[in-house]
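Source file: protein.pdb (PDB, C-alpha atoms)
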```
MODEL        1
ATOM      1  CA  MET W   1     -74.611 270.192 214.789
ATOM      2  CA  LYS W   2     -75.805 268.015 211.943
ATOM      3  CA  ASN W   3     -72.241 266.875 211.168
ATOM      4  CA  LYS W   4     -71.693 265.947 214.830
ATOM      5  CA  ALA W   5     -74.871 263.901 214.857
ATOM      6  CA  LEU W   6     -73.850 262.077 211.673
ATOM      7  CA  LYS W   7     -70.394 261.411 213.078
ATOM      8  CA  TYR W   8     -71.912 260.061 216.299
ATOM      9  CA  LEU W   9     -74.247 257.788 214.346
ATOM     10  CA  GLY W  10     -71.313 256.587 212.242
ATOM     11  CA  PHE W  11     -69.227 255.726 215.312
ATOM     12  CA  THR W  12     -72.208 254.008 216.926
ATOM     13  CA  ALA W  13     -72.918 251.934 213.828
ATOM     14  CA  ALA W  14     -69.244 250.978 213.520
ATOM     15  CA  PHE W  15     -69.128 249.951 217.194
ATOM     16  CA  ILE W  16     -72.285 247.842 216.903
ATOM     17  CA  LEU W  17     -71.014 246.167 213.722
ATOM     18  CA  SER W  18     -67.603 245.455 215.268
ATOM     19  CA  PHE W  19     -69.229 244.016 218.380
ATOM     20  CA  ALA W  20     -71.545 241.823 216.300
ATOM     21  CA  ILE W  21     -68.645 240.478 214.221
ATOM     22  CA  ALA W  22     -66.516 239.820 217.320
ATOM     23  CA  HIS W  23     -69.412 238.090 219.079
ATOM     24  CA  ARG W  24     -70.114 235.882 216.060
ATOM     25  CA  ALA W  25     -66.420 235.022 215.695
ATOM     26  CA  TYR W  26     -66.225 234.084 219.380
ATOM     27  CA  LYS W  27     -69.252 231.799 219.148
ATOM     28  CA  ASP W  28     -68.082 230.196 215.898
ATOM     29  CA  THR W  29     -64.696 229.490 217.489
ATOM     30  CA  LYS W  30     -65.615 228.470 221.024
ATOM     31  CA  GLU W  31     -68.841 226.576 220.375
ATOM     32  CA  PHE W  32     -69.536 223.700 218.012
ATOM     33  CA  GLU W  33     -72.597 222.623 216.093
ATOM     34  CA  ILE W  34     -73.734 219.037 215.780
ATOM     35  CA  LYS W  35     -74.419 217.786 212.261
ATOM     36  CA  ASP W  36     -76.599 214.719 211.660
ATOM     37  CA  ILE W  37     -75.637 213.370 208.238
ATOM     38  CA  HIS W  38     -77.257 210.419 206.463
ATOM     39  CA  ILE W  39     -75.389 208.878 203.527
ATOM     40  CA  ALA W  40     -76.609 206.074 201.266
ATOM     41  CA  LEU W  41     -73.893 203.854 199.787
ATOM     42  CA  GLU W  42     -74.552 201.551 196.846
ATOM     43  CA  ASN W  43     -72.149 198.875 198.081
ATOM     44  CA  LEU W  44     -72.943 198.973 201.795
ATOM     45  CA  PRO W  45     -73.793 195.487 203.148
ATOM     46  CA  GLN W  46     -77.344 195.238 204.422
ATOM     47  CA  ASP W  47     -76.157 194.156 207.864
ATOM     48  CA  GLN W  48     -74.301 197.479 208.202
ATOM     49  CA  ASP W  49     -77.344 199.616 207.416
ATOM     50  CA  GLY W  50     -77.630 202.220 210.174
ATOM     51  CA  LEU W  51     -73.952 202.195 211.163
ATOM     52  CA  LYS W  52     -73.283 205.472 213.005
ATOM     53  CA  ILE W  53     -69.872 207.128 212.862
ATOM     54  CA  ALA W  54     -68.842 210.085 215.031
ATOM     55  CA  HIS W  55     -66.535 212.164 212.840
ATOM     56  CA  ILE W  56     -64.028 214.460 214.557
ATOM     57  CA  SER W  57     -61.375 216.451 212.753
ATOM     58  CA  ASP W  58     -58.775 219.152 213.301
ATOM     59  CA  LEU W  59     -58.982 219.549 217.062
ATOM     60  CA  HIS W  60     -55.652 221.422 217.168
ATOM     61  CA  ASN W  61     -55.844 221.004 220.956
ATOM     62  CA  GLU W  62     -59.059 222.999 221.195
ATOM     63  CA  PHE W  63     -61.428 221.910 223.956
ATOM     64  CA  PHE W  64     -64.974 222.828 224.825
ATOM     65  CA  PHE W  65     -65.851 222.819 228.523
ATOM     66  CA  LYS W  66     -69.000 223.073 230.565
ATOM     67  CA  ASP W  67     -67.383 225.619 232.874
ATOM     68  CA  PRO W  68     -63.899 227.062 233.417
ATOM     69  CA  GLN W  69     -63.243 224.801 236.399
ATOM     70  CA  ASP W  70     -63.232 221.821 234.046
ATOM     71  CA  LEU W  71     -59.850 223.063 232.852
ATOM     72  CA  ALA W  72     -58.393 221.343 235.915
ATOM     73  CA  PHE W  73     -57.211 218.294 234.001
ATOM     74  CA  GLU W  74     -55.832 216.757 237.194
ATOM     75  CA  LYS W  75     -59.407 216.057 238.352
ATOM     76  CA  GLU W  76     -59.630 213.041 236.111
ATOM     77  CA  SER W  77     -62.700 211.541 237.771
ATOM     78  CA  SER W  78     -64.801 214.692 237.383
ATOM     79  CA  PHE W  79     -63.463 215.817 234.012
ATOM     80  CA  GLN W  80     -66.067 215.802 231.277
ATOM     81  CA  SER W  81     -65.933 217.884 228.144
ATOM     82  CA  LEU W  82     -68.910 218.945 226.123
ATOM     83  CA  LEU W  83     -67.382 217.144 223.182
ATOM     84  CA  SER W  84     -67.141 213.758 224.862
ATOM     85  CA  GLN W  85     -70.588 214.251 226.407
ATOM     86  CA  ALA W  86     -72.149 214.965 223.012
ATOM     87  CA  ILE W  87     -70.535 211.856 221.534
ATOM     88  CA  HIS W  88     -71.558 209.742 224.513
ATOM     89  CA  ASP W  89     -75.173 210.877 224.160
ATOM     90  CA  ALA W  90     -75.222 210.020 220.427
ATOM     91  CA  ASN W  91     -73.990 206.470 221.117
ATOM     92  CA  PRO W  92     -72.029 205.956 217.875
ATOM     93  CA  ASP W  93     -70.706 202.580 216.741
ATOM     94  CA  ILE W  94     -67.318 204.033 215.789
ATOM     95  CA  ILE W  95     -65.414 207.269 216.390
ATOM     96  CA  VAL W  96     -62.992 208.527 213.746
ATOM     97  CA  ILE W  97     -60.525 211.420 213.810
ATOM     98  CA  THR W  98     -59.276 212.656 210.440
ATOM     99  CA  GLY W  99     -56.029 214.325 211.398
ATOM    100  CA  ASP W 100     -54.545 217.336 213.156
ATOM    101  CA  LEU W 101     -55.242 216.014 216.622
ATOM    102  CA  TYR W 102     -52.505 218.334 217.831
ATOM    103  CA  ASP W 103     -51.082 221.668 216.764
ATOM    104  CA  LYS W 104     -47.428 222.043 215.846
ATOM    105  CA  ARG W 105     -47.186 225.370 217.704
ATOM    106  CA  ASN W 106     -49.048 224.281 220.817
ATOM    107  CA  PRO W 107     -48.632 220.526 221.418
ATOM    108  CA  HIS W 108     -49.746 220.072 225.101
ATOM    109  CA  ILE W 109     -49.695 216.332 224.566
ATOM    110  CA  GLY W 110     -50.713 215.468 228.117
ATOM    111  CA  LYS W 111     -53.892 217.504 227.885
ATOM    112  CA  GLY W 112     -54.688 216.050 224.484
ATOM    113  CA  LEU W 113     -54.431 212.503 225.776
ATOM    114  CA  GLN W 114     -57.034 213.281 228.429
ATOM    115  CA  ILE W 115     -59.788 214.053 225.933
ATOM    116  CA  TYR W 116     -58.862 211.040 223.800
ATOM    117  CA  LYS W 117     -59.007 208.835 226.876
ATOM    118  CA  GLU W 118     -62.598 209.992 227.364
ATOM    119  CA  LEU W 119     -63.476 209.134 223.759
ATOM    120  CA  ALA W 120     -61.992 205.638 223.954
ATOM    121  CA  ARG W 121     -64.442 204.819 226.746
ATOM    122  CA  ILE W 122     -67.374 205.453 224.398
ATOM    123  CA  ALA W 123     -66.615 203.457 221.240
ATOM    124  CA  PRO W 124     -63.701 202.125 219.158
ATOM    125  CA  VAL W 125     -61.589 205.043 217.928
ATOM    126  CA  PHE W 126     -59.622 205.116 214.663
ATOM    127  CA  TRP W 127     -57.452 208.038 213.572
ATOM    128  CA  VAL W 128     -55.048 209.154 210.878
ATOM    129  CA  THR W 129     -52.382 211.821 210.865
ATOM    130  CA  GLY W 130     -52.725 215.368 209.604
ATOM    131  CA  ASN W 131     -49.958 217.741 208.581
ATOM    132  CA  HIS W 132     -49.678 219.212 212.100
ATOM    133  CA  ASP W 133     -49.255 215.723 213.547
ATOM    134  CA  LYS W 134     -46.336 215.017 211.200
ATOM    135  CA  THR W 135     -44.578 218.398 211.266
ATOM    136  CA  PRO W 136     -41.215 218.105 213.084
ATOM    137  CA  LEU W 137     -41.007 219.858 216.449
ATOM    138  CA  ALA W 138     -37.933 221.625 217.827
ATOM    139  CA  ASP W 139     -36.357 218.334 218.955
ATOM    140  CA  GLY W 140     -36.982 216.637 215.615
ATOM    141  CA  SER W 141     -39.833 214.466 216.895
ATOM    142  CA  THR W 142     -43.488 214.828 215.895
ATOM    143  CA  ASN W 143     -46.717 214.940 217.879
ATOM    144  CA  ALA W 144     -47.770 211.671 216.239
ATOM    145  CA  SER W 145     -44.560 209.822 217.108
ATOM    146  CA  ASN W 146     -44.583 211.189 220.663
ATOM    147  CA  THR W 147     -48.103 209.951 221.369
ATOM    148  CA  LEU W 148     -48.500 206.844 219.198
ATOM    149  CA  ALA W 149     -47.814 204.305 221.963
ATOM    150  CA  ASP W 150     -49.877 206.182 224.553
ATOM    151  CA  MET W 151     -52.801 206.541 222.153
ATOM    152  CA  GLU W 152     -52.723 202.833 221.312
ATOM    153  CA  ASN W 153     -52.626 201.942 225.010
ATOM    154  CA  LEU W 154     -55.718 204.073 225.535
ATOM    155  CA  GLY W 155     -57.531 202.230 222.750
ATOM    156  CA  LEU W 156     -57.154 204.764 219.942
ATOM    157  CA  HIS W 157     -55.855 203.050 216.831
ATOM    158  CA  CYS W 158     -53.767 204.865 214.232
ATOM    159  CA  ILE W 159     -54.624 203.331 210.854
ATOM    160  CA  ASP W 160     -52.181 205.252 208.658
ATOM    161  CA  ASN W 161     -51.658 203.057 205.566
ATOM    162  CA  LYS W 162     -53.755 200.247 207.027
ATOM    163  CA  ALA W 163     -56.937 198.385 206.111
ATOM    164  CA  ILE W 164     -59.230 197.342 208.976
ATOM    165  CA  LYS W 165     -62.105 194.887 208.541
ATOM    166  CA  LEU W 166     -65.235 196.227 210.218
ATOM    167  CA  SER W 167     -67.569 193.387 209.249
ATOM    168  CA  ASP W 168     -67.468 189.874 207.818
ATOM    169  CA  SER W 169     -69.826 191.144 205.117
ATOM    170  CA  GLY W 170     -67.010 193.124 203.503
ATOM    171  CA  LEU W 171     -67.032 196.607 205.082
ATOM    172  CA  PHE W 172     -63.481 197.892 205.518
ATOM    173  CA  MET W 173     -62.086 201.093 207.004
ATOM    174  CA  LEU W 174     -58.882 202.332 205.427
ATOM    175  CA  GLY W 175     -56.469 204.994 206.570
ATOM    176  CA  ILE W 176     -53.890 206.977 204.638
ATOM    177  CA  GLU W 177     -51.184 209.071 206.265
ATOM    178  CA  ASP W 178     -50.954 212.781 205.581
ATOM    179  CA  PRO W 179     -48.703 213.456 202.576
ATOM    180  CA  TYR W 180     -46.545 215.921 204.539
ATOM    181  CA  GLY W 181     -42.917 215.002 203.795
ATOM    182  CA  LEU W 182     -43.839 212.672 200.917
ATOM    183  CA  ASP W 183     -43.855 213.367 197.209
ATOM    184  CA  GLU W 184     -47.065 212.863 195.247
ATOM    185  CA  ASP W 185     -45.997 209.551 193.713
ATOM    186  CA  GLN W 186     -45.010 208.073 197.091
ATOM    187  CA  TRP W 187     -48.316 209.060 198.629
ATOM    188  CA  ARG W 188     -50.391 207.758 195.698
ATOM    189  CA  LEU W 189     -48.529 204.441 195.860
ATOM    190  CA  GLN W 190     -49.305 204.151 199.586
ATOM    191  CA  LEU W 191     -52.982 204.784 198.859
ATOM    192  CA  HIS W 192     -53.047 202.196 196.087
ATOM    193  CA  ARG W 193     -51.337 199.601 198.281
ATOM    194  CA  VAL W 194     -53.779 199.973 201.161
ATOM    195  CA  VAL W 195     -56.742 199.683 198.764
ATOM    196  CA  GLU W 196     -55.242 196.556 197.189
ATOM    197  CA  GLU W 197     -54.663 195.097 200.658
ATOM    198  CA  ALA W 198     -58.338 195.590 201.509
ATOM    199  CA  ARG W 199     -59.484 194.074 198.197
ATOM    200  CA  ALA W 200     -57.258 191.059 198.793
ATOM    201  CA  LYS W 201     -58.933 190.549 202.170
ATOM    202  CA  GLY W 202     -62.387 190.496 200.603
ATOM    203  CA  ALA W 203     -63.431 194.149 200.893
ATOM    204  CA  LYS W 204     -66.668 195.087 199.148
ATOM    205  CA  THR W 205     -67.163 198.553 200.651
ATOM    206  CA  LEU W 206     -64.324 200.971 201.385
ATOM    207  CA  ILE W 207     -64.475 203.861 203.856
ATOM    208  CA  LEU W 208     -61.297 205.924 203.873
ATOM    209  CA  LEU W 209     -59.966 208.269 206.548
ATOM    210  CA  SER W 210     -57.772 210.942 204.985
ATOM    211  CA  HIS W 211     -56.863 214.419 206.142
ATOM    212  CA  ARG W 212     -56.717 215.883 202.632
ATOM    213  CA  PRO W 213     -59.983 216.611 200.768
ATOM    214  CA  GLU W 214     -58.301 218.092 197.692
ATOM    215  CA  GLN W 215     -57.207 214.561 196.718
ATOM    216  CA  ILE W 216     -60.801 213.475 196.059
ATOM    217  CA  LYS W 217     -60.019 212.498 192.470
ATOM    218  CA  ALA W 218     -57.383 210.034 193.688
ATOM    219  CA  TYR W 219     -59.907 208.481 196.056
ATOM    220  CA  ALA W 220     -62.443 208.104 193.245
ATOM    221  CA  GLU W 221     -59.874 206.524 190.946
ATOM    222  CA  GLU W 222     -59.091 203.944 193.638
ATOM    223  CA  GLY W 223     -62.773 203.065 194.005
ATOM    224  CA  ILE W 224     -63.240 204.440 197.527
ATOM    225  CA  ASP W 225     -66.945 204.489 198.378
ATOM    226  CA  LEU W 226     -66.756 207.166 201.090
ATOM    227  CA  THR W 227     -63.911 209.328 202.338
ATOM    228  CA  LEU W 228     -64.057 211.229 205.612
ATOM    229  CA  SER W 229     -61.776 214.226 205.646
ATOM    230  CA  GLY W 230     -60.828 217.530 207.267
ATOM    231  CA  HIS W 231     -57.956 220.028 206.853
ATOM    232  CA  ALA W 232     -59.955 222.837 205.196
ATOM    233  CA  HIS W 233     -61.649 224.092 208.421
ATOM    234  CA  GLY W 234     -64.628 225.118 206.315
ATOM    235  CA  GLY W 235     -62.386 227.926 205.142
ATOM    236  CA  GLN W 236     -62.237 228.979 208.841
ATOM    237  CA  VAL W 237     -63.251 232.469 207.733
ATOM    238  CA  GLN W 238     -66.128 232.881 205.294
ATOM    239  CA  ALA W 239     -67.640 235.940 203.670
ATOM    240  CA  PRO W 240     -71.386 236.446 203.199
ATOM    241  CA  LEU W 241     -72.563 235.461 199.693
ATOM    242  CA  ILE W 242     -69.033 234.280 198.854
ATOM    243  CA  GLY W 243     -68.288 231.411 201.207
ATOM    244  CA  ALA W 244     -64.863 230.110 202.162
ATOM    245  CA  LEU W 245     -62.055 232.523 201.375
ATOM    246  CA  TYR W 246     -59.066 230.218 201.770
ATOM    247  CA  ALA W 247     -58.159 226.613 202.556
ATOM    248  CA  PRO W 248     -54.698 225.065 202.936
ATOM    249  CA  ASN W 249     -53.386 223.324 199.812
ATOM    250  CA  GLN W 250     -56.262 224.808 197.804
ATOM    251  CA  GLY W 251     -55.606 228.517 198.117
ATOM    252  CA  LEU W 252     -58.159 231.275 197.636
ATOM    253  CA  PHE W 253     -61.850 230.428 197.169
ATOM    254  CA  PRO W 254     -61.391 226.663 197.646
ATOM    255  CA  THR W 255     -63.494 224.146 195.741
ATOM    256  CA  PHE W 256     -63.734 221.886 198.784
ATOM    257  CA  SER W 257     -64.465 223.584 202.109
ATOM    258  CA  ALA W 258     -67.220 221.665 203.961
ATOM    259  CA  GLY W 259     -70.048 219.210 203.405
ATOM    260  CA  LEU W 260     -70.695 216.287 201.072
ATOM    261  CA  TYR W 261     -69.021 216.045 197.670
ATOM    262  CA  GLU W 262     -69.278 213.547 194.827
ATOM    263  CA  MET W 263     -66.621 212.713 192.269
ATOM    264  CA  ASP W 264     -66.768 210.433 189.224
ATOM    265  CA  ALA W 265     -63.422 209.220 187.917
ATOM    266  CA  LEU W 266     -62.582 207.140 184.859
ATOM    267  CA  LYS W 267     -59.994 204.440 185.434
ATOM    268  CA  ASP W 268     -59.313 201.308 183.413
ATOM    269  CA  GLY W 269     -62.370 202.059 181.296
ATOM    270  CA  THR W 270     -64.737 202.195 184.259
ATOM    271  CA  TYR W 271     -66.409 205.209 185.875
ATOM    272  CA  ARG W 272     -66.165 205.106 189.648
ATOM    273  CA  LYS W 273     -68.346 207.246 191.873
ATOM    274  CA  SER W 274     -66.874 208.343 195.170
ATOM    275  CA  LEU W 275     -68.344 210.399 198.009
ATOM    276  CA  LEU W 276     -66.386 212.595 200.398
ATOM    277  CA  TYR W 277     -67.666 214.177 203.594
ATOM    278  CA  LEU W 278     -65.552 217.140 204.646
ATOM    279  CA  SER W 279     -65.812 218.260 208.267
ATOM    280  CA  LYS W 280     -65.246 221.882 209.230
ATOM    281  CA  GLY W 281     -63.320 220.549 212.204
ATOM    282  CA  LEU W 282     -63.296 221.653 215.814
ATOM    283  CA  GLY W 283     -60.143 223.699 216.267
ATOM    284  CA  SER W 284     -58.459 226.607 214.590
ATOM    285  CA  THR W 285     -54.929 227.469 213.607
ATOM    286  CA  LYS W 286     -52.922 230.478 212.425
ATOM    287  CA  LEU W 287     -55.788 232.983 212.704
ATOM    288  CA  GLU W 288     -56.948 231.414 216.000
ATOM    289  CA  PHE W 289     -60.573 232.294 215.274
ATOM    290  CA  ARG W 290     -63.447 231.319 213.005
ATOM    291  CA  PHE W 291     -66.079 233.454 211.314
ATOM    292  CA  LEU W 292     -69.224 232.098 209.632
ATOM    293  CA  SER W 293     -67.573 228.679 209.729
ATOM    294  CA  LYS W 294     -68.661 227.258 213.055
ATOM    295  CA  ALA W 295     -66.749 224.355 214.573
ATOM    296  CA  GLU W 296     -68.422 221.034 213.850
ATOM    297  CA  LEU W 297     -69.009 217.574 215.266
ATOM    298  CA  ALA W 298     -70.623 215.266 212.703
ATOM    299  CA  PHE W 299     -72.561 212.068 213.209
ATOM    300  CA  ILE W 300     -72.718 210.141 209.944
ATOM    301  CA  THR W 301     -75.245 207.352 209.609
ATOM    302  CA  LEU W 302     -74.732 204.972 206.692
ATOM    303  CA  HIS W 303     -77.569 203.381 204.769
ATOM    304  CA  ALA W 304     -77.608 200.604 202.198
ATOM    305  CA  LYS W 305     -78.841 201.955 198.873
ATOM    306  CA  HIS W 306     -81.686 199.820 197.551
TER     307      HIS W 306
ENDMDL
END
```

Please rewrite the model in this file as structure tokens.
Amino acid sequence: MKNKALKYLGFTAAFILSFAIAHRAYKDTKEFEIKDIHIALENLPQDQDGLKIAHISDLHNEFFFKDPQDLAFEKESSFQSLLSQAIHDANPDIIVITGDLYDKRNPHIGKGLQIYKELARIAPVFWVTGNHDKTPLADGSTNASNTLADMENLGLHCIDNKAIKLSDSGLFMLGIEDPYGLDEDQWRLQLHRVVEEARAKGAKTLILLSHRPEQIKAYAEEGIDLTLSGHAHGGQVQAPLIGALYAPNQGLFPTFSAGLYEMDALKDGTYRKSLLYLSKGLGSTKLEFRFLSKAELAFITLHAKH
């Protein structure tokens, strides 16, 4: 009798634990948290103090709806996602997307364009490619190439390998393409060229959009003030007391998984300090679920360091 009772308690405890884990994984995957981040930059022009950036990353065609009926994308006039509503309410000056807008296994380009159309109505949108956007599909094309013209027509600007002036006071936004399909030297040369282009145009403060956080040393060496990045998904699955278990291009127990990082790099005899904010992203891939790494929408407000 005692053994039966212990076995029953064991099964009950296992069921409760399994349910709790499944419930947490569902919420971490299908809901997103809003992060309010304030970053002080030494070189930020005073007239740009308070600039608010909505930072989106790694959607992988994941959407968050008020109710299941909102999945009827044809109802364009009534369509409103929780994501676009949250961004609308925050009233950012700029919206940025740091790669993996789509997923190589599940493109659904038409549906993706709908959410981006909503975002373009809120504020200027700048984006760069991620590895999923550049991975060849069955017909040899890529999600990025298939949607580039449509995205531009909607008002979403791809700034891969470009330098965009945000203010006459010297604030520039740079973009670097994902290194998928490029060797390290090619990619580093592209990064150097876009930085030099910005400097030649009078840039004093550089904000970089790049999908890859593990390249933070390269960004510091180029004198980037702030990089906004994604790709790591916050590890996507974390373990209590341990943190992120794995991130692409970093492997097990990644150094960079989520949050704000600082890197000092020595180049040409000068130490350069660079900040990087790494979003946990909104979507998921491969495992198709998150655990203890909730999807994230970040609002980053910049401040001039006095």

Within 12 Å of W:Tyr261 using only C-alpha atoms, minus same-chain residues under 2 positions, as a short mmCIF file (atom, residue, chain, number, x, y, z; two decimals) with C-alpha atoms, in the coordinates of the input:
```cif
data_model
loop_
_atom_site.label_atom_id
_atom_site.label_comp_id
_atom_site.auth_asym_id
_atom_site.auth_seq_id
_atom_site.Cartn_x
_atom_site.Cartn_y
_atom_site.Cartn_z
CA ILE W 39 -75.39 208.88 203.53
CA PRO W 213 -59.98 216.61 200.77
CA GLU W 214 -58.30 218.09 197.69
CA GLN W 215 -57.21 214.56 196.72
CA ILE W 216 -60.80 213.48 196.06
CA LYS W 217 -60.02 212.50 192.47
CA TYR W 219 -59.91 208.48 196.06
CA ALA W 220 -62.44 208.10 193.24
CA ASP W 225 -66.94 204.49 198.38
CA LEU W 226 -66.76 207.17 201.09
CA THR W 227 -63.91 209.33 202.34
CA LEU W 228 -64.06 211.23 205.61
CA SER W 229 -61.78 214.23 205.65
CA THR W 255 -63.49 224.15 195.74
CA PHE W 256 -63.73 221.89 198.78
CA SER W 257 -64.46 223.58 202.11
CA ALA W 258 -67.22 221.66 203.96
CA GLY W 259 -70.05 219.21 203.40
CA MET W 263 -66.62 212.71 192.27
CA ASP W 264 -66.77 210.43 189.22
CA LYS W 273 -68.35 207.25 191.87
CA SER W 274 -66.87 208.34 195.17
CA LEU W 275 -68.34 210.40 198.01
CA LEU W 276 -66.39 212.60 200.40
CA TYR W 277 -67.67 214.18 203.59
CA LEU W 278 -65.55 217.14 204.65
CA SER W 279 -65.81 218.26 208.27
#
```

Ground truth for the PyMOL selection byres ((chain W and resi 50) around 8), written as a list in words: Gln48, Asp49, Leu51, Lys52, Thr301, Leu302 and His303 of chain W

Output the residue selection produced by the PyMOL selection byres ((chain W and resi 292-298) around 9) on the file above, formatted as a CSV table (one decimal) with C-alpha atoms, in the coordinates of the input.
```csv
chain,number,residue,atom,x,y,z
W,24,ARG,CA,-70.1,235.9,216.1
W,25,ALA,CA,-66.4,235.0,215.7
W,27,LYS,CA,-69.3,231.8,219.1
W,28,ASP,CA,-68.1,230.2,215.9
W,29,THR,CA,-64.7,229.5,217.5
W,30,LYS,CA,-65.6,228.5,221.0
W,31,GLU,CA,-68.8,226.6,220.4
W,32,PHE,CA,-69.5,223.7,218.0
W,33,GLU,CA,-72.6,222.6,216.1
W,34,ILE,CA,-73.7,219.0,215.8
W,35,LYS,CA,-74.4,217.8,212.3
W,36,ASP,CA,-76.6,214.7,211.7
W,37,ILE,CA,-75.6,213.4,208.2
W,53,ILE,CA,-69.9,207.1,212.9
W,54,ALA,CA,-68.8,210.1,215.0
W,55,HIS,CA,-66.5,212.2,212.8
W,56,ILE,CA,-64.0,214.5,214.6
W,57,SER,CA,-61.4,216.5,212.8
W,83,LEU,CA,-67.4,217.1,223.2
W,86,ALA,CA,-72.1,215.0,223.0
W,87,ILE,CA,-70.5,211.9,221.5
W,233,HIS,CA,-61.6,224.1,208.4
W,234,GLY,CA,-64.6,225.1,206.3
W,235,GLY,CA,-62.4,227.9,205.1
W,236,GLN,CA,-62.2,229.0,208.8
W,237,VAL,CA,-63.3,232.5,207.7
W,238,GLN,CA,-66.1,232.9,205.3
W,239,ALA,CA,-67.6,235.9,203.7
W,240,PRO,CA,-71.4,236.4,203.2
W,243,GLY,CA,-68.3,231.4,201.2
W,244,ALA,CA,-64.9,230.1,202.2
W,279,SER,CA,-65.8,218.3,208.3
W,280,LYS,CA,-65.2,221.9,209.2
W,281,GLY,CA,-63.3,220.5,212.2
W,282,LEU,CA,-63.3,221.7,215.8
W,283,GLY,CA,-60.1,223.7,216.3
W,284,SER,CA,-58.5,226.6,214.6
W,290,ARG,CA,-63.4,231.3,213.0
W,291,PHE,CA,-66.1,233.5,211.3
W,299,PHE,CA,-72.6,212.1,213.2
W,300,ILE,CA,-72.7,210.1,209.9
```

Quick one: apply the PyMOL selection byres ((chain W and resi 159) around 8) to the file and drop the selected residues here as an NGL selection string. :W and (126-128 or 157-158 or 160-164 or 174-176)

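Atom CA of W:Gly181 sits 27.1 Å away from atom CA of W:Gly155.
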
Hey, which of W:Ala144, W:Ile242, W:Leu101, W:Ala265 ends up closest to W:Gly223? Count all atoms listed in the file. W:Ala265

Could you please determine the separation between atom CA of W:Lys204 and atom CA of W:Gln46 in Å, to one decimal place? 11.9 Å

Between atom CA of W:Ala218 and atom CA of W:Lys134, what is the distance, to one decimal in Å? 21.3 Å

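The residue that comes closest to W:Asp168, out of W:Lys201, W:His132, W:Arg193, W:His211 and on the basis of only C-alpha atoms, is W:Lys201.
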
Using all atoms listed in the file, which of the listed residues (W:Arg121, W:Asp185, W:Ser167, W:Gln114) sits closest to W:Asp150? W:Gln114

Compile the contact shell of W:Pro179 as a list in words: residues with an atom at most 10 Å away, counting all atoms listed in the file, same-chain residues fewer than 5 positions apart removed.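 Once the nearby chain positions are removed, what remains is Thr129, Gly130, Asn131, Lys134, Glu184, Gln186, Trp187, Arg188, Gln190, Ser210, His211 and Arg212 of chain W.
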
Take the structure in the block and write a file for stretch 141-152 of chain W, N, CA and C atoms, as a compact mmCIF listing (two decimals), in the first residue's frame.
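The resulting file, out11.txt, is shown below:
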```txt
# COMPACT_ATOMS: atom_id res chain seq x y z
N SER W 141 16.32 31.29 -55.17
CA SER W 141 16.13 32.66 -54.70
C SER W 141 16.27 32.70 -53.18
N THR W 142 16.15 33.88 -52.60
CA THR W 142 16.16 34.03 -51.15
C THR W 142 14.95 34.84 -50.72
N ASN W 143 14.59 34.74 -49.45
CA ASN W 143 13.48 35.55 -48.94
C ASN W 143 13.77 37.04 -49.11
N ALA W 144 15.03 37.44 -48.89
CA ALA W 144 15.38 38.85 -49.01
C ALA W 144 15.21 39.34 -50.44
N SER W 145 15.74 38.56 -51.40
CA SER W 145 15.64 39.00 -52.80
C SER W 145 14.20 38.99 -53.29
N ASN W 146 13.39 38.07 -52.79
CA ASN W 146 11.99 37.97 -53.22
C ASN W 146 11.14 39.12 -52.70
N THR W 147 11.56 39.73 -51.61
CA THR W 147 10.71 40.76 -50.98
C THR W 147 11.31 42.15 -51.00
N LEU W 148 12.54 42.30 -51.48
CA LEU W 148 13.24 43.58 -51.38
C LEU W 148 12.43 44.73 -51.98
N ALA W 149 11.95 44.55 -53.21
CA ALA W 149 11.21 45.62 -53.89
C ALA W 149 9.91 45.92 -53.17
N ASP W 150 9.19 44.87 -52.77
CA ASP W 150 7.92 45.06 -52.07
C ASP W 150 8.13 45.78 -50.74
N MET W 151 9.17 45.39 -50.02
CA MET W 151 9.46 46.02 -48.73
C MET W 151 9.78 47.50 -48.92
N GLU W 152 10.58 47.81 -49.92
CA GLU W 152 10.94 49.20 -50.18
C GLU W 152 9.70 50.01 -50.56
```
